[in-house]
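Student: PDB, C-alpha atoms, file start_38.pdb:
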```
ATOM      1  CA  SER B   1      26.437  32.648 -14.590
ATOM      2  CA  SER B   2      27.319  29.058 -15.543
ATOM      3  CA  SER B   3      25.666  27.539 -18.581
ATOM      4  CA  ALA B   4      22.857  25.023 -18.252
ATOM      5  CA  LEU B   5      23.847  21.373 -18.061
ATOM      6  CA  THR B   6      22.334  18.583 -20.117
ATOM      7  CA  LEU B   7      20.743  15.624 -18.354
ATOM      8  CA  SER B   8      23.734  13.371 -19.041
ATOM      9  CA  GLN B   9      26.142  16.002 -17.723
ATOM     10  CA  ALA B  10      24.059  16.539 -14.591
ATOM     11  CA  LEU B  11      23.737  12.813 -13.901
ATOM     12  CA  CYS B  12      27.518  12.407 -14.148
ATOM     13  CA  MET B  13      28.135  14.817 -11.272
ATOM     14  CA  LYS B  14      28.640  12.454  -8.341
ATOM     15  CA  GLU B  15      28.340  15.202  -5.749
ATOM     16  CA  TYR B  16      24.613  15.433  -6.561
ATOM     17  CA  TRP B  17      23.811  11.719  -6.587
ATOM     18  CA  GLY B  18      22.662  11.744  -2.971
ATOM     19  CA  LYS B  19      20.378  14.720  -3.525
ATOM     20  CA  LEU B  20      19.059  13.093  -6.698
ATOM     21  CA  LEU B  21      18.290   9.907  -4.804
ATOM     22  CA  GLY B  22      16.448  11.920  -2.187
ATOM     23  CA  CYS B  23      14.350  13.959  -4.618
ATOM     24  CA  ALA B  24      13.742  11.394  -7.365
ATOM     25  CA  GLY B  25      13.569   8.408  -5.025
ATOM     26  CA  GLY B  26      11.053  10.034  -2.720
ATOM     27  CA  TRP B  27       8.855  11.072  -5.651
ATOM     28  CA  PHE B  28       9.109   7.579  -7.185
ATOM     29  CA  LEU B  29       8.175   5.764  -3.973
ATOM     30  CA  PHE B  30       5.354   8.120  -3.068
ATOM     31  CA  ASP B  31       3.639   7.834  -6.444
ATOM     32  CA  ILE B  32       3.632   4.038  -6.172
ATOM     33  CA  THR B  33       1.328   4.184  -3.167
ATOM     34  CA  PHE B  34      -0.583   7.328  -4.105
ATOM     35  CA  TYR B  35      -1.633   6.409  -7.633
ATOM     36  CA  GLY B  36      -2.273   2.783  -6.739
ATOM     37  CA  ASN B  37      -4.653   3.779  -3.953
ATOM     38  CA  THR B  38      -6.205   6.690  -5.858
ATOM     39  CA  LEU B  39      -7.018   4.824  -9.071
ATOM     40  CA  PHE B  40      -8.381   1.752  -7.286
ATOM     41  CA  GLN B  41     -10.014   3.550  -4.396
ATOM     42  CA  SER B  42     -13.443   2.141  -5.232
ATOM     43  CA  THR B  43     -12.007  -1.389  -5.257
ATOM     44  CA  VAL B  44     -10.517  -0.878  -1.803
ATOM     45  CA  LEU B  45     -13.723   0.637  -0.439
ATOM     46  CA  LYS B  46     -15.806  -2.258  -1.740
ATOM     47  CA  GLN B  47     -13.605  -4.620   0.253
ATOM     48  CA  VAL B  48     -13.673  -2.356   3.299
ATOM     49  CA  PHE B  49     -17.473  -2.395   3.376
ATOM     50  CA  ASP B  50     -17.750  -5.922   1.974
ATOM     51  CA  THR B  51     -20.065  -4.864  -0.840
ATOM     52  CA  ASN B  52     -20.544  -6.157  -4.380
ATOM     53  CA  ASP B  53     -18.390  -9.196  -3.700
ATOM     54  CA  ASP B  54     -20.204 -11.183  -6.361
ATOM     55  CA  ALA B  55     -20.179  -8.392  -8.934
ATOM     56  CA  ASP B  56     -17.891  -8.348 -11.916
ATOM     57  CA  ASP B  57     -14.993  -5.897 -11.990
ATOM     58  CA  GLY B  58     -16.869  -3.897 -14.595
ATOM     59  CA  ALA B  59     -20.040  -3.622 -12.552
ATOM     60  CA  PRO B  60     -21.400  -0.108 -11.967
ATOM     61  CA  VAL B  61     -20.360   1.625  -8.773
ATOM     62  CA  ALA B  62     -23.208   2.148  -6.307
ATOM     63  CA  ILE B  63     -24.285   5.778  -6.096
ATOM     64  CA  SER B  64     -27.248   5.473  -3.756
ATOM     65  CA  GLY B  65     -28.152   3.949  -0.437
ATOM     66  CA  SER B  66     -26.483   4.216   2.948
ATOM     67  CA  LEU B  67     -22.780   4.881   3.501
ATOM     68  CA  GLN B  68     -22.339   1.122   3.852
ATOM     69  CA  GLU B  69     -23.587   0.619   0.272
ATOM     70  CA  ASN B  70     -22.843   3.911  -1.490
ATOM     71  CA  VAL B  71     -19.291   3.822  -2.834
ATOM     72  CA  CYS B  72     -19.583   7.402  -4.111
ATOM     73  CA  ALA B  73     -20.471   8.599  -0.617
ATOM     74  CA  GLN B  74     -17.512   6.671   0.761
ATOM     75  CA  MET B  75     -15.199   8.314  -1.794
ATOM     76  CA  ALA B  76     -16.657  11.701  -0.853
ATOM     77  CA  VAL B  77     -15.728  11.033   2.782
ATOM     78  CA  VAL B  78     -12.180  10.151   1.707
ATOM     79  CA  ALA B  79     -11.935  13.362  -0.318
ATOM     80  CA  ALA B  80     -13.363  15.482   2.509
ATOM     81  CA  ILE B  81     -10.760  14.174   4.940
ATOM     82  CA  ALA B  82      -7.897  14.285   2.428
ATOM     83  CA  LEU B  83      -8.419  17.770   0.972
ATOM     84  CA  PRO B  84      -7.564  19.804   4.104
ATOM     85  CA  GLY B  85      -4.136  18.191   4.030
ATOM     86  CA  TYR B  86      -3.138  20.548   1.216
ATOM     87  CA  TYR B  87      -4.059  23.627   3.239
ATOM     88  CA  VAL B  88      -2.371  22.376   6.391
ATOM     89  CA  SER B  89       0.732  21.644   4.341
ATOM     90  CA  ALA B  90       0.705  25.110   2.791
ATOM     91  CA  TYR B  91       0.375  26.719   6.221
ATOM     92  CA  PHE B  92       3.331  24.803   7.684
ATOM     93  CA  MET B  93       5.454  24.717   4.517
ATOM     94  CA  ASP B  94       7.970  27.315   5.704
ATOM     95  CA  LYS B  95       7.547  26.733   9.417
ATOM     96  CA  LEU B  96       8.376  23.026   9.288
ATOM     97  CA  GLY B  97      10.240  22.886   5.992
ATOM     98  CA  ARG B  98       9.694  20.655   2.992
ATOM     99  CA  ARG B  99      11.989  17.878   4.242
ATOM    100  CA  ASN B 100      10.281  17.585   7.622
ATOM    101  CA  ILE B 101       6.785  17.619   6.128
ATOM    102  CA  GLN B 102       7.715  14.889   3.657
ATOM    103  CA  LEU B 103       9.404  12.790   6.339
ATOM    104  CA  MET B 104       6.445  13.154   8.686
ATOM    105  CA  GLY B 105       3.998  12.307   5.900
ATOM    106  CA  PHE B 106       5.828   9.123   4.919
ATOM    107  CA  CYS B 107       6.105   8.006   8.555
ATOM    108  CA  VAL B 108       2.412   8.506   9.360
ATOM    109  CA  MET B 109       1.381   6.906   6.061
ATOM    110  CA  ALA B 110       3.522   3.882   6.903
ATOM    111  CA  ILE B 111       1.918   3.545  10.350
ATOM    112  CA  LEU B 112      -1.607   3.844   8.947
ATOM    113  CA  PHE B 113      -1.003   1.371   6.110
ATOM    114  CA  VAL B 114       0.503  -1.179   8.508
ATOM    115  CA  ILE B 115      -2.455  -0.782  10.896
ATOM    116  CA  LEU B 116      -4.866  -1.285   8.000
ATOM    117  CA  GLY B 117      -2.919  -4.307   6.786
ATOM    118  CA  VAL B 118      -2.240  -6.108  10.056
ATOM    119  CA  TRP B 119      -5.648  -5.526  11.648
ATOM    120  CA  VAL B 120      -7.738  -5.642   8.480
ATOM    121  CA  LYS B 121     -10.001  -8.408   9.823
ATOM    122  CA  GLU B 122     -10.575  -6.714  13.167
ATOM    123  CA  LEU B 123     -11.233  -3.374  11.480
ATOM    124  CA  GLY B 124     -13.677  -5.117   9.161
ATOM    125  CA  ASP B 125     -16.095  -5.247  12.083
ATOM    126  CA  THR B 126     -16.013  -1.431  12.249
ATOM    127  CA  PRO B 127     -15.841  -0.351   8.583
ATOM    128  CA  THR B 128     -16.458   3.321   9.408
ATOM    129  CA  LEU B 129     -13.273   3.409  11.500
ATOM    130  CA  MET B 130     -11.427   1.633   8.707
ATOM    131  CA  LEU B 131     -12.735   4.230   6.249
ATOM    132  CA  ILE B 132     -11.415   7.048   8.456
ATOM    133  CA  LEU B 133      -7.991   5.411   8.789
ATOM    134  CA  TYR B 134      -7.836   4.854   5.039
ATOM    135  CA  SER B 135      -8.852   8.461   4.439
ATOM    136  CA  LEU B 136      -6.088   9.641   6.761
ATOM    137  CA  THR B 137      -3.517   8.010   4.468
ATOM    138  CA  PHE B 138      -4.626  10.532   1.840
ATOM    139  CA  PHE B 139      -4.631  13.397   4.351
ATOM    140  CA  PHE B 140      -1.003  12.698   5.243
ATOM    141  CA  SER B 141      -0.193  12.191   1.585
ATOM    142  CA  ASN B 142      -1.331  15.763   1.018
ATOM    143  CA  PHE B 143       0.143  16.995   4.298
ATOM    144  CA  GLY B 144       3.305  15.265   3.220
ATOM    145  CA  PRO B 145       4.974  14.064  -0.001
ATOM    146  CA  ASN B 146       2.157  15.128  -2.317
ATOM    147  CA  SER B 147       2.906  18.755  -1.431
ATOM    148  CA  THR B 148       6.692  18.540  -1.261
ATOM    149  CA  THR B 149       8.049  16.180  -3.907
ATOM    150  CA  PHE B 150       7.644  18.687  -6.731
ATOM    151  CA  ILE B 151       9.148  21.538  -4.674
ATOM    152  CA  LEU B 152      12.288  19.824  -3.408
ATOM    153  CA  PRO B 153      14.177  19.559  -6.736
ATOM    154  CA  ALA B 154      13.671  23.269  -7.414
ATOM    155  CA  GLU B 155      15.308  24.278  -4.130
ATOM    156  CA  THR B 156      17.869  21.467  -3.944
ATOM    157  CA  PHE B 157      19.783  21.782  -7.201
ATOM    158  CA  PRO B 158      21.731  24.798  -8.501
ATOM    159  CA  SER B 159      20.277  26.975 -11.229
ATOM    160  CA  ASN B 160      22.358  25.487 -14.053
ATOM    161  CA  MET B 161      20.716  22.075 -13.617
ATOM    162  CA  ARG B 162      17.529  22.917 -11.718
ATOM    163  CA  THR B 163      14.955  22.477 -14.477
ATOM    164  CA  THR B 164      16.728  19.420 -15.879
ATOM    165  CA  MET B 165      16.812  17.630 -12.553
ATOM    166  CA  ASN B 166      13.275  18.710 -11.743
ATOM    167  CA  GLY B 167      12.123  17.092 -14.966
ATOM    168  CA  PHE B 168      14.117  13.940 -14.244
ATOM    169  CA  CYS B 169      12.645  13.668 -10.743
ATOM    170  CA  ALA B 170       9.141  14.193 -12.146
ATOM    171  CA  ALA B 171       9.780  11.414 -14.666
ATOM    172  CA  MET B 172      10.778   9.089 -11.821
ATOM    173  CA  GLY B 173       7.520  10.006 -10.127
ATOM    174  CA  LYS B 174       5.574   9.034 -13.242
ATOM    175  CA  LEU B 175       7.468   5.748 -13.352
ATOM    176  CA  GLY B 176       6.365   5.093  -9.789
ATOM    177  CA  ALA B 177       2.799   6.016 -10.715
ATOM    178  CA  THR B 178       2.912   3.522 -13.585
ATOM    179  CA  ILE B 179       4.149   0.756 -11.299
ATOM    180  CA  GLY B 180       1.605   1.576  -8.613
ATOM    181  CA  SER B 181      -1.371   1.768 -10.947
ATOM    182  CA  GLY B 182      -0.286  -1.373 -12.814
ATOM    183  CA  ALA B 183       0.548  -3.547  -9.816
ATOM    184  CA  PHE B 184      -1.992  -2.498  -7.175
ATOM    185  CA  LYS B 185      -5.053  -4.428  -8.309
ATOM    186  CA  PRO B 186      -3.179  -7.572  -9.464
ATOM    187  CA  LEU B 187      -1.443  -7.661  -6.084
ATOM    188  CA  ALA B 188      -4.736  -7.228  -4.223
ATOM    189  CA  ASP B 189      -6.388  -9.945  -6.346
ATOM    190  CA  ALA B 190      -3.468 -12.361  -5.935
ATOM    191  CA  THR B 191      -3.090 -11.829  -2.177
ATOM    192  CA  SER B 192      -5.478  -9.746  -0.079
ATOM    193  CA  LEU B 193      -6.304  -6.176   0.839
ATOM    194  CA  GLY B 194      -4.308  -6.557   4.049
ATOM    195  CA  THR B 195      -1.175  -7.681   2.223
ATOM    196  CA  THR B 196      -1.518  -4.828  -0.255
ATOM    197  CA  MET B 197      -1.791  -2.295   2.556
ATOM    198  CA  ILE B 198       1.330  -3.744   4.223
ATOM    199  CA  VAL B 199       3.226  -3.440   0.948
ATOM    200  CA  CYS B 200       2.137   0.212   0.768
ATOM    201  CA  GLY B 201       3.414   0.608   4.316
ATOM    202  CA  ILE B 202       6.787  -0.870   3.371
ATOM    203  CA  VAL B 203       7.047   1.473   0.385
ATOM    204  CA  SER B 204       6.239   4.398   2.695
ATOM    205  CA  VAL B 205       8.971   3.295   5.115
ATOM    206  CA  LEU B 206      11.447   3.274   2.220
ATOM    207  CA  GLY B 207      10.271   6.785   1.332
ATOM    208  CA  ALA B 208      10.906   7.924   4.904
ATOM    209  CA  ILE B 209      14.393   6.393   4.873
ATOM    210  CA  VAL B 210      15.287   8.046   1.580
ATOM    211  CA  THR B 211      13.965  11.379   2.834
ATOM    212  CA  TYR B 212      15.789  11.159   6.156
ATOM    213  CA  PHE B 213      19.192  10.362   4.681
ATOM    214  CA  PHE B 214      19.187  12.120   1.311
ATOM    215  CA  VAL B 215      16.866  15.157   1.451
ATOM    216  CA  GLU B 216      18.259  18.333   2.967
ATOM    217  CA  ASP B 217      16.375  21.051   4.776
ATOM    218  CA  CYS B 218      16.819  24.095   2.527
ATOM    219  CA  ARG B 219      15.320  26.630   4.871
ATOM    220  CA  GLY B 220      17.729  29.529   5.344
ATOM    221  CA  LYS B 221      19.244  29.146   1.894
ATOM    222  CA  ASP B 222      18.540  31.242  -1.156
ATOM    223  CA  MET B 223      17.840  29.690  -4.552
ATOM    224  CA  ASP B 224      21.525  29.843  -5.511
ATOM    225  CA  GLY B 225      22.466  27.654  -2.572
ATOM    226  CA  SER B 226      24.066  30.334  -0.414
ATOM    227  CA  THR B 227      23.430  29.934   3.264
ATOM    228  CA  ASN B 228      21.520  32.758   4.860
ATOM    229  CA  ASP B 229      19.862  32.889   8.214
ATOM    230  CA  PRO B 230      16.590  34.691   7.510
ATOM    231  CA  VAL B 231      15.621  34.781  11.167
ATOM    232  CA  ALA B 232      18.873  36.349  12.268
ATOM    233  CA  VAL B 233      19.101  38.719   9.302
ATOM    234  CA  ASN B 234      15.557  39.612   8.365
ATOM    235  CA  GLY B 235      13.444  38.151  11.105
ATOM    236  CA  ASP B 236      12.497  38.416  14.694
ATOM    237  CA  SER B 237      14.762  36.263  16.831
ATOM    238  CA  ASP B 238      12.194  36.192  19.606
ATOM    239  CA  THR B 239       9.183  35.120  17.566
ATOM    240  CA  GLY B 240      10.982  33.276  14.781
ATOM    241  CA  ASP B 241       9.032  35.173  12.132
ATOM    242  CA  VAL B 242      10.779  35.161   8.788
ATOM    243  CA  TYR B 243      10.366  38.154   6.536
ATOM    244  CA  SER B 244      12.493  37.175   3.556
ATOM    245  CA  PRO B 245      14.835  34.348   2.512
ATOM    246  CA  LEU B 246      17.104  36.853   0.753
ATOM    247  CA  PRO B 247      20.091  38.652   2.241
ATOM    248  CA  TYR B 248      19.346  42.016   3.793
ATOM    249  CA  ALA B 249      20.348  44.961   1.677
ATOM    250  CA  GLU B 250      20.979  48.199   3.467
ATOM    251  CA  ALA B 251      19.410  51.306   2.017
TER
END
```
Now, as a test, write the supplied structure out as structure tokens.
Tutor:
Amino acid sequence: SSSALTLSQALCMKEYWGKLLGCAGGWFLFDITFYGNTLFQSTVLKQVFDTNDDADDGAPVAISGSLQENVCAQMAVVAAIALPGYYVSAYFMDKLGRRNIQLMGFCVMAILFVILGVWVKELGDTPTLMLILYSLTFFFSNFGPNSTTFILPAETFPSNMRTTMNGFCAAMGKLGATIGSGAFKPLADATSLGTTMIVCGIVSVLGAIVTYFFVEDCRGKDMDGSTNDPVAVNGDSDTGDVYSPLPYAEA
């Protein structure tokens, strides 16, 4: 087998630049929106429900009262809607493929963020609906890039550079997380919640574009990059059930 490549050697291989852009770029863009919204979720929810407007940034978060006043209860609703996204993603991971799940997730996130941004004033009259829409951005994060970005590099690159490129892509994700967590609140303070949501929508659109053009569907390929048709070789052509991604070996 070929020897492992260093990061500089791997980055110099032009034939993998497109795949690197797809894997690292998607991870980078996703973490901008995900970490920004996750870390400042309570700030967003306060604006959604128009609570504690006169409180300082360091004021305690409300943990009692109705849903309108209880930020912890609001965050629990977000978590309850978001969590099933992981399980739905796991169920469809092989049926839909990592690329399609990530593309779908970015697209739905973009639509939801734009709705939240453009109609923020109108939705302010029905904060419960706004809470559900905001929670769905996390559901489709989990049933989307949050479940695929760390898998794609492992199945995209050959074994002699797989761990190196996986680490590089993860580092790009952390860079995106740094930008998102550092810029989210200043942007919201300098503009508005609506503008911030639209920016998140634009970032999600960029993620969808990168995924569409630069991420390949690796279903039907083994981990060494050889093309196999698991349905035709090891599956049921009528039902589409896949038994194994590896070539069939006769006894």
Student: Given the file shown, determine the residues that the PyMOL selection byres ((chain B and resi 75-82) around 12) selects; report them as JSON, numbers by chain.
Tutor: {"B": [37, 38, 39, 40, 41, 42, 43, 44, 45, 46, 48, 61, 62, 63, 67, 68, 69, 70, 71, 72, 73, 74, 83, 84, 85, 86, 87, 88, 89, 128, 129, 130, 131, 132, 133, 134, 135, 136, 137, 138, 139, 140, 141, 142, 143, 144, 146]}
Student: With the file shown as input, list the residues that the PyMOL selection byres ((chain B and resi 208) around 8) selects, as a ChimeraX atom specification.
Tutor: /B:26,102-104,106-107,204-207,209-212
Student: For Val199 of chain B, list every protein, DNA or RNA residue within 12 Å, evaluated using only C-alpha atoms, and leave out those in the same chain fewer than 2 positions away; present the list as a ChimeraX atom specification.
Tutor: /B:29,32-33,36-37,109-118,180,183-184,187-188,191-197,201-206
Student: Using only C-alpha atoms, please write the residues we just selected to a file, as a PDB file, in the frame of the given file.
Tutor:
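Output saved as out_4.pdb:
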```
ATOM      1  CA  LEU B  29       8.175   5.764  -3.973  1.00  0.00           C
ATOM      2  CA  ILE B  32       3.632   4.038  -6.172  1.00  0.00           C
ATOM      3  CA  THR B  33       1.328   4.184  -3.167  1.00  0.00           C
ATOM      4  CA  GLY B  36      -2.273   2.783  -6.739  1.00  0.00           C
ATOM      5  CA  ASN B  37      -4.653   3.779  -3.953  1.00  0.00           C
ATOM      6  CA  MET B 109       1.381   6.906   6.061  1.00  0.00           C
ATOM      7  CA  ALA B 110       3.522   3.882   6.903  1.00  0.00           C
ATOM      8  CA  ILE B 111       1.918   3.545  10.350  1.00  0.00           C
ATOM      9  CA  LEU B 112      -1.607   3.844   8.947  1.00  0.00           C
ATOM     10  CA  PHE B 113      -1.003   1.371   6.110  1.00  0.00           C
ATOM     11  CA  VAL B 114       0.503  -1.179   8.508  1.00  0.00           C
ATOM     12  CA  ILE B 115      -2.455  -0.782  10.896  1.00  0.00           C
ATOM     13  CA  LEU B 116      -4.866  -1.285   8.000  1.00  0.00           C
ATOM     14  CA  GLY B 117      -2.919  -4.307   6.786  1.00  0.00           C
ATOM     15  CA  VAL B 118      -2.240  -6.108  10.056  1.00  0.00           C
ATOM     16  CA  GLY B 180       1.605   1.576  -8.613  1.00  0.00           C
ATOM     17  CA  ALA B 183       0.548  -3.547  -9.816  1.00  0.00           C
ATOM     18  CA  PHE B 184      -1.992  -2.498  -7.175  1.00  0.00           C
ATOM     19  CA  LEU B 187      -1.443  -7.661  -6.084  1.00  0.00           C
ATOM     20  CA  ALA B 188      -4.736  -7.228  -4.223  1.00  0.00           C
ATOM     21  CA  THR B 191      -3.090 -11.829  -2.177  1.00  0.00           C
ATOM     22  CA  SER B 192      -5.478  -9.746  -0.079  1.00  0.00           C
ATOM     23  CA  LEU B 193      -6.304  -6.176   0.839  1.00  0.00           C
ATOM     24  CA  GLY B 194      -4.308  -6.557   4.049  1.00  0.00           C
ATOM     25  CA  THR B 195      -1.175  -7.681   2.223  1.00  0.00           C
ATOM     26  CA  THR B 196      -1.518  -4.828  -0.255  1.00  0.00           C
ATOM     27  CA  MET B 197      -1.791  -2.295   2.556  1.00  0.00           C
ATOM     28  CA  GLY B 201       3.414   0.608   4.316  1.00  0.00           C
ATOM     29  CA  ILE B 202       6.787  -0.870   3.371  1.00  0.00           C
ATOM     30  CA  VAL B 203       7.047   1.473   0.385  1.00  0.00           C
ATOM     31  CA  SER B 204       6.239   4.398   2.695  1.00  0.00           C
ATOM     32  CA  VAL B 205       8.971   3.295   5.115  1.00  0.00           C
ATOM     33  CA  LEU B 206      11.447   3.274   2.220  1.00  0.00           C
TER      34      LEU B 206
END
```
Student: Measure the distance from atom CA of Ala24 of chain B to atom CA of Pro186 of chain B in Å and round it to one decimal.
Tutor: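 Going from atom CA of Ala24 of chain B over to atom CA of Pro186 of chain B covers 25.5 Å.
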Student: So how far away is atom CA of Val108 of chain B from atom CA of Gly18 of chain B, in Å?
Tutor: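 Taking atom CA of Gly18 of chain B as the start and atom CA of Val108 of chain B as the end point, the length is 23.9 Å.
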Student: Could you check how far atom CA of Val215 of chain B sits from atom CA of Ser3 of chain B, in Å to one decimal?
Tutor: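 A separation of 25.1 Å between them.
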Student: Go through B:Val120, B:Thr178, B:Met165, B:Asp125 and flag the residue nearest Ile198 of chain B, using all atoms listed in the file for the distances.
Tutor: B:Val120
Student: As lines of an AutoDock Vina configuration file, please: the centre and edge lengths in Å, to one decimal, of an axis-aligned box enclosing every listed atom of segment 11-24 of chain B with 6 Å added on each side.
Tutor:
```
center_x = 21.2
center_y = 12.7
center_z = -8.2
size_x = 26.9
size_y = 17.5
size_z = 24.0
```
Student: Name all residues at most 8 Å from segment 90-94 of chain B (count all atoms listed in the file; drop same-chain ones fewer than 5 positions away) and give them as a PyMOL selection string.
Tutor: chain B and resi 101+147+219
Student: Could you tell me which residues the PyMOL selection byres ((chain B and resi 169-174) around 10) grabs in this file, written as number ranges by chain?
Tutor: B: 20-32, 35, 149-150, 152-153, 163-168, 175-180
Student: Determine the nearest neighbour of Gly220 of chain B from the options B:Trp17, B:Gln47, B:Leu7, B:Gly97, counting all atoms listed in the file.
Tutor: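 So, comparing all the options, the nearest one is B:Gly97.
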Student: Measuring atom to atom with only C-alpha atoms, identify which of B:Leu5, B:Phe49, B:Cys200, B:Gly105 is nearest to Lys121 of chain B.
Tutor: B:Phe49
